[in-house]
Structure formats: structure tokens, C-alpha cells
Amino acid sequence: MSTSAEERVRPARAEESPQSFLREQLLALKELLDKPLATYYLIIMCSALLLALGLMMVLSASSIEALNKTGSPFSWFIKQSLSAAIGVPLMYVCSRLPVKFFRWAGYPLMALSIIALVMVLFVGSAEWGAQRWIYLGPLTIQPSEPAKLGLALWGADLLARRAKQGRIEWRQMLLPLLPGTAILAVMVMLGSDLGTTLVLFMIFLALLWVVGAPIKLFGGFMALAVLAAVIAIKVEPYRTARISSFLDPWADAQGDGYQAVQGQIAIGSGGWFGVGLGESRQKWSWLPNSESDFIFAIIGEELGLMGTLTVVALFGLLGYAGLRVAIRVNDAFTRLAAAATVAWVVGQATVNMGAVLGVLPITGIPLPLVSYGGSSLLPTLAALGMLLSFARREPGAREALAARGPGPAARALSWLGLRRTTRGRATR
């Protein structure tokens with residue numbers, strides 16, 4: 001029995017259809033990413049989703065501890081919501097500020113951070129083996145958090161000015177960037193905060209990498225960092241215990257390895273899709289710092305592997321968007337500041353999640369945008385607002401924004417009489 005030409009071709013077309021579909025989707029994705037405002041909306045989307053997830057998980061993870069200590073399960077969630085209510089407008093304002101403002105802001109922010117870190121050593125409070133916080137009535141300030149933003153802005157402007165003068169020698173790269181970073185690092189280390197010192201080192205290396213420092217310089221700094229870390233571990237017994245518990249937490253599951261073990265139990269009990277939102281068992285006073293340093297473990301327990309992979313994907317997309325800004329802009333300062341911000345936010349997230357999963361030692365740093373703590377949330381949102389400001393200056397972005405017309409915030413201001421619109425475009 002003979003078959004028609006159409007019947008003979010149909011199986012081949014059916015075999016090619018998945019490839020054609022994948023090719024069409026990749027082309028559609030490429031077309032979407034080629035749009036001038038793709039980076040801008042990607043940063044907004046990732047930031048909003050991580051912040052919303054963080055508020056939801058802080059409510060869940062902190063409810064039991066907050067009930068025990070304050071009598072209300074919503075106490076810490078309300079504080080985090082107030083921080084977000086301040087941070088989101090701050091992010092919006094930063095997204096509208098010019099680049100020259102950020103170039104100027106790095107210097108006073110760096111100076112204020114050093115002063116505040118000195119104050120921590122004299123009037124700060126020590127908790128969990130580290131002296132990081134200053135208590136001002138109901139407010140708790142951790143100066144090492146804005147210090148990250150200060151170093152990123154100050155270092156970026158410093159190297160951008162040197163680059164403007166022509167080719168930079170490696171000695172010019174290090175002075176005064178290295179002494180400034182060292183002052184911050186020493187102040188933070190005196191407060192026994194090894195995790196934040198590591199993040200400052202990431203920012204420092206990112207700035208040198210973007211400006212084109214020689215590879216041998218990185219090798220020297222890495223060797224120096226390893227030596228400093230070994231010395232820091234040896235001089236503090238609790239750090240030695242943390243390294244021992246990192247290598248084998250189950251050897252002392254009720255002692256130094258307790259937090260790591262409880263975190264692994266939380267992650268492991270979540271399965272593929274978790275035990276359900278709000279249904280965590282480890283938050284019932286089993287897992288210390290479940291709302292801050294180990295909130296990723298609660299995410300894994302309540303939302304499962306799918307929830308943790310979503311968080312990883314969101315940070316990956318946020319890092320991609322930040323690097324895309326650094327690649328597409330022409331200004332040296334913008335490129336340096338964007339790369340330093342990515343190293344800070346994504347690097348800190350990697351260290352936090354690695355500690356929870358047991359592949360890195362516990363350092364006690366929060367998961368950006370997700371963990372409880374206004375001192376961490378506000379500088380992070382300000383830095384992401386800065387990235388939005390840079391993304392608005394990508395090729396074609398200004399024209400696309402102008403064609404879009406006034407946004408919701410501009411329309412709200414015009415309704416209040418604080419902003420008038422002319423021909424569909426907002427004017428101050």
C-alpha cells in the first residue's frame with residue numbers, strides 16, 4: 001500500500017517540532033532581552049519577588065520566637081514590614097538620582113561608616129560571639145551593612161577617576177583603595193564579624209577585576225586573605241569550633257554543630273515541595289536565628305526544593321541583570337559600581353545559602369532582601385535602586401521610558417498636585 005508524500009513527510013516534521021519550538025522560544029527570549037528596558041524590569045521583578053518572599057518567610061519563621069519574647073507572633077514581621085515600607089520608597093528615589101550623586105555619596109558614606117564602626121567597638125552590643133550592633137532605643141543599627149555600599153561607591157569613583165587619567169598602574173589601583181578597605185575590614189574584624197569582612201573583600205576584588213588588575217595581584221591577595229583567615233580562626237576559639245563543626249557537624253550535634261545540624265534537618269525534611277507554608281517544625285525553638293541567618297533553611301523546609309531553587313534562580317537573574325548593566329554602559333564609574341554591587345549582593349547570598357547547605361562555614365551574614373533585619377535591607381534596596389538608575393541610562397532606555405509616559409508614581413504625584421503632566425510626560 002503506497003503512502004502519499006504528505007504522510008511520508010509528517011513524521012519528520014513531528015520529530016523536528018520540539019527543536020523548532022525550542023528555537024522559537026530562544027529567539028523570543030533573545031528578542032525580549034534585546035529591548036532597552038529589559039534590564040530595568042528584570043531588576044524590579046527579582047527585587048520585588050525576593051522582598052515579598054522575605055516578608056512572607058519572616059512572618060512564618062519568626063512567629064514562634066516573637067510570641068515567646070514579645071507576646072505577639074507579628075512583632076518582628078511588623079518591624080520588617082516597616083523597614084520595607086521605608087526601603088521601597090528609598091529604592092525608588094535612588095532609581096531617579098543622577099550618577100554624579102552616587103559618585104559624591106560614596107565619600108561621606110565611607111567616612112560615616114568608619115565612625116560608626118569605631119562606635120560599635122566602644123558602645124556596641126555583643127551577641128552570638130560578634131560585636132556588630134548599636135542600640136538606639138527601639139532602633140538597632142549594624143554599621144557594617146551601609147559600609148558595604150560605602151566601599152562600593154567610594155572605590156568605584158576612586159578607580160574611575162584614575163582610569164580617566166589613562167592607563168592605571170597596579171600601585172595606583174591599590175592606593176588609597178587598599179588602605180580604605182583594610183580600615184573597614186579591621187574595624188569589622190575587631191567586632192568578630194568574619195562574614196562581613198569576606199563580603200568587603202569580595203567588593204574589593206570585584207573593583208580590581210573590572211578595572212583590569214593583573215592576575216598575579218589576585219593571587220597575592222587570595223594568599224594574603226587565606227593567611228589572615230587562618231590567623232583569625234586560630235585567635236578565636238569559637239571560630240575554631242565553627243570550622244570543626246563545618247567539617248563534621250554531626251560529631252557534636254548538640255554542641256558546636258547544633259545550628260548546622262538543625263538547618264540540614266530543616267532542608268532535608270522539605271522534600272520536593274515542602275511541608276507547607278507556615279508548617280515548619282524547626283522554627284519551634286529548634287533552629288537558632290531561623291528568621292535571619294538561617295531563613296533559607298525554613299524556605300527549604302516549608303517550600304521544598306522548588307522553593308530553594310526559585311530563590312537561587314532569582315539571585316542568579318539579579319546578578320545577570322547587574323552584570324548586564326555593567327557591560328552595556330559606557331561610564332567607568334557606573335560599570336565599577338554595578339559590578340561591585342553584584343559581588344556584594346550575589347556573593348553574600350551565595351555565602352549565606354552555602355552555610356545553610358553545609359558547603360561553607362557558618363559566618364552569620366543575612367540573606368539579602370529575605371532575612372530579617374532593617375540594617376541589611378535598607379542599604380541593599382538603596383543599592384538596587386542605584387542599579388535601576390544605571391539601567392535607565394542603557395542605550396535606548398531613556399527613549400523607551402519617555403515613550404512609555406508617566407508611571408504610576410508620577411500619576412499619583414500629579415493627582416496630589418505635586419507634579420503636573422504635559423503631553424503625557426511628567427515634569428517637575
# chains A, B, ... in the order shown; residues from 1 in each chain; ligands from 1
>>> residues_around(residues="A:Asn352", least_positions_apart="5", cutoff="8 Å", atoms="only C-alpha atoms", output="list of chain:residue names")
A:Asp293, A:Phe294, A:Ile362, A:Thr363, A:Gly364, A:Ile365, A:Pro366, A:Leu367
>>> residues_around(residues="A:Tyr320", least_positions_apart="3", cutoff="10 Å", atoms="only C-alpha atoms", output="JSON, numbers by chain")
{"A": [39, 42, 43, 314, 315, 316, 317, 323, 324, 325, 326, 342, 346]}
>>> write_last_selection(atoms="C-alpha atoms", output="mmCIF file, in the first residue's frame")
data_model
loop_
_atom_site.group_PDB
_atom_site.id
_atom_site.type_symbol
_atom_site.label_atom_id
_atom_site.label_comp_id
_atom_site.auth_asym_id
_atom_site.auth_seq_id
_atom_site.Cartn_x
_atom_site.Cartn_y
_atom_site.Cartn_z
ATOM 1 C CA THR A 39 17.451 45.017 32.493
ATOM 2 C CA LEU A 42 14.406 42.350 35.404
ATOM 3 C CA ILE A 43 15.922 44.127 38.435
ATOM 4 C CA LEU A 314 16.110 34.909 41.400
ATOM 5 C CA PHE A 315 19.553 35.793 42.745
ATOM 6 C CA GLY A 316 21.092 34.425 39.557
ATOM 7 C CA LEU A 317 18.828 36.619 37.418
ATOM 8 C CA LEU A 323 26.393 42.452 35.113
ATOM 9 C CA ARG A 324 24.337 43.341 32.038
ATOM 10 C CA VAL A 325 24.202 46.930 33.295
ATOM 11 C CA ALA A 326 27.978 46.893 33.815
ATOM 12 C CA VAL A 342 26.617 42.380 42.153
ATOM 13 C CA VAL A 346 25.024 37.826 44.985
#
>>> atom_distance(atom1="atom CA of A:Leu117", atom2="atom CA of A:Glu145")
10.3 Å
>>> closest_atom_pairs(of="stretch 275-345 of chain A", to="stretch 177-198 of chain A", cutoff="12 Å", atoms="only C-alpha atoms", output="Markdown table")
| residue | atom | partner | partner_atom | distance |
| --- | --- | --- | --- | --- |
| A:Asp293 | CA | A:Gly195 | CA | 11.1 |
| A:Ala343 | CA | A:Leu198 | CA | 11.0 |
| A:Trp344 | CA | A:Leu198 | CA | 9.7 |
| A:Val345 | CA | A:Thr196 | CA | 11.7 |
>>> write_last_selection(atoms="C-alpha atoms", output="short mmCIF file (atom, residue, chain, number, x, y, z; two decimals), in the first residue's frame")
data_model
loop_
_atom_site.label_atom_id
_atom_site.label_comp_id
_atom_site.auth_asym_id
_atom_site.auth_seq_id
_atom_site.Cartn_x
_atom_site.Cartn_y
_atom_site.Cartn_z
CA ASP A 293 20.89 33.83 59.08
CA ALA A 343 29.64 40.99 44.01
CA TRP A 344 28.16 42.23 47.29
CA VAL A 345 24.53 41.07 46.92
#
>>> closest_residue(among="A:Leu158, A:Leu369, A:Leu175, A:Ala332", to="A:Leu381", atoms="only C-alpha atoms")
A:Leu369
>>> closest_residue(among="A:Pro36, A:Tyr258, A:Pro361, A:Ile327", to="A:Ile233", atoms="only C-alpha atoms")
A:Pro361
>>> select_by_dssp(residues="stretch 265-425 of chain A", states="strand (DSSP E)", output="JSON, numbers by chain")
{"A": [420, 421, 422, 425]}
>>> write_last_selection(atoms="C-alpha atoms", output="mmCIF file, in the first residue's frame")
data_model
loop_
_atom_site.group_PDB
_atom_site.id
_atom_site.type_symbol
_atom_site.label_atom_id
_atom_site.label_comp_id
_atom_site.auth_asym_id
_atom_site.auth_seq_id
_atom_site.Cartn_x
_atom_site.Cartn_y
_atom_site.Cartn_z
ATOM 1 C CA ARG A 420 1.975 68.211 36.672
ATOM 2 C CA THR A 421 1.926 66.321 33.386
ATOM 3 C CA THR A 422 2.377 67.850 29.979
ATOM 4 C CA ARG A 425 5.019 63.251 30.018
#
>>> closest_residue(among="A:Pro288, A:Gly274, A:Gly319, A:Gly358", to="A:Glu302", atoms="only C-alpha atoms")
A:Gly274
>>> closest_residue(among="A:Leu224, A:Ala337, A:Ile299, A:Leu136", to="A:Leu159", atoms="only C-alpha atoms")
A:Ala337
>>> residues_around(residues="A:Leu388", least_positions_apart="2", cutoff="10 Å", atoms="only C-alpha atoms", output="list in words")
Thr39, Tyr40, Tyr41, Leu42, Ile43, Ile44, Met91, Tyr92, Cys94, Ser95, Arg96, Leu97, Ala321, Gly322, Val325, Ala338, Ala382, Ala383, Leu384, Gly385, Met386, Phe390, Ala391, Arg392 and Arg393 of chain A
>>> write_last_selection(atoms="C-alpha atoms", output="compact mmCIF listing (two decimals), in the first residue's frame")
# COMPACT_ATOMS: atom_id res chain seq x y z
CA THR A 39 17.45 45.02 32.49
CA TYR A 40 15.36 47.65 34.26
CA TYR A 41 12.32 45.42 34.57
CA LEU A 42 14.41 42.35 35.40
CA ILE A 43 15.92 44.13 38.43
CA ILE A 44 12.46 45.29 39.56
CA MET A 91 14.83 52.39 46.23
CA TYR A 92 12.51 54.45 44.05
CA CYS A 94 17.69 56.16 44.25
CA SER A 95 16.44 54.95 40.86
CA ARG A 96 15.75 58.58 39.91
CA LEU A 97 19.04 60.06 41.16
CA ALA A 321 20.91 41.95 35.31
CA GLY A 322 23.58 43.77 37.33
CA VAL A 325 24.20 46.93 33.30
CA ALA A 338 27.37 47.91 39.21
CA ALA A 382 19.31 51.58 48.02
CA ALA A 383 21.98 49.70 46.03
CA LEU A 384 19.34 48.05 43.84
CA GLY A 385 17.75 51.46 43.29
CA MET A 386 21.16 52.65 42.13
CA PHE A 390 22.13 52.90 35.89
CA ALA A 391 19.77 50.69 33.87
CA ARG A 392 17.77 53.79 32.88
CA ARG A 393 20.95 55.02 31.18
>>> residues_around(residues="A:Ser60", least_positions_apart="5", cutoff="10 Å", atoms="only C-alpha atoms", output="number ranges by chain")
A: 54-55, 73-74, 77, 277-280, 283, 290-291, 295, 298-299, 302
>>> write_last_selection(atoms="N, CA and C atoms", output="short mmCIF file (atom, residue, chain, number, x, y, z; two decimals), in the first residue's frame")
data_model
loop_
_atom_site.label_atom_id
_atom_site.label_comp_id
_atom_site.auth_asym_id
_atom_site.auth_seq_id
_atom_site.Cartn_x
_atom_site.Cartn_y
_atom_site.Cartn_z
N GLY A 54 10.65 37.31 51.22
CA GLY A 54 11.29 37.56 52.50
C GLY A 54 10.29 37.95 53.57
N LEU A 55 9.37 38.84 53.26
CA LEU A 55 8.35 39.24 54.24
C LEU A 55 7.48 38.06 54.65
N PRO A 73 2.94 37.17 67.80
CA PRO A 73 3.67 36.49 66.72
C PRO A 73 4.02 37.40 65.55
N PHE A 74 3.46 38.62 65.54
CA PHE A 74 3.66 39.53 64.41
C PHE A 74 4.71 40.61 64.69
N PHE A 77 7.69 40.62 62.25
CA PHE A 77 7.17 40.84 60.90
C PHE A 77 6.77 42.30 60.70
N LEU A 277 3.50 26.12 53.68
CA LEU A 277 3.82 27.45 54.20
C LEU A 277 3.29 27.60 55.63
N GLY A 278 4.17 27.97 56.53
CA GLY A 278 3.81 28.14 57.93
C GLY A 278 3.85 26.86 58.75
N GLU A 279 4.19 25.72 58.11
CA GLU A 279 4.14 24.43 58.79
C GLU A 279 5.51 23.94 59.26
N SER A 280 6.50 24.81 59.28
CA SER A 280 7.84 24.39 59.71
C SER A 280 7.83 23.87 61.14
N LYS A 283 11.26 25.74 63.31
CA LYS A 283 11.16 27.10 63.86
C LYS A 283 10.64 27.08 65.30
N SER A 290 16.39 31.42 62.94
CA SER A 290 15.64 30.93 61.78
C SER A 290 15.05 32.05 60.94
N GLU A 291 14.87 33.23 61.51
CA GLU A 291 14.31 34.36 60.75
C GLU A 291 15.39 35.20 60.08
N ILE A 295 17.24 31.61 57.45
CA ILE A 295 15.89 31.64 56.87
C ILE A 295 15.81 30.78 55.61
N ILE A 298 14.44 27.45 56.49
CA ILE A 298 12.99 27.43 56.64
C ILE A 298 12.31 27.44 55.27
N ILE A 299 12.88 28.16 54.32
CA ILE A 299 12.35 28.14 52.95
C ILE A 299 12.40 26.73 52.39
N GLU A 302 9.66 24.58 54.27
CA GLU A 302 8.25 24.87 54.00
C GLU A 302 7.91 24.85 52.52
#
>>> closest_residue(among="A:Gln142, A:Val356, A:Val88, A:Ala152", to="A:Leu205", atoms="only C-alpha atoms")
A:Ala152
>>> residues_around(residues="A:Trp154", least_positions_apart="2", cutoff="7 Å", atoms="only C-alpha atoms", output="PyMOL selection string")
chain A and resi 106-107+110+150-152+156-158
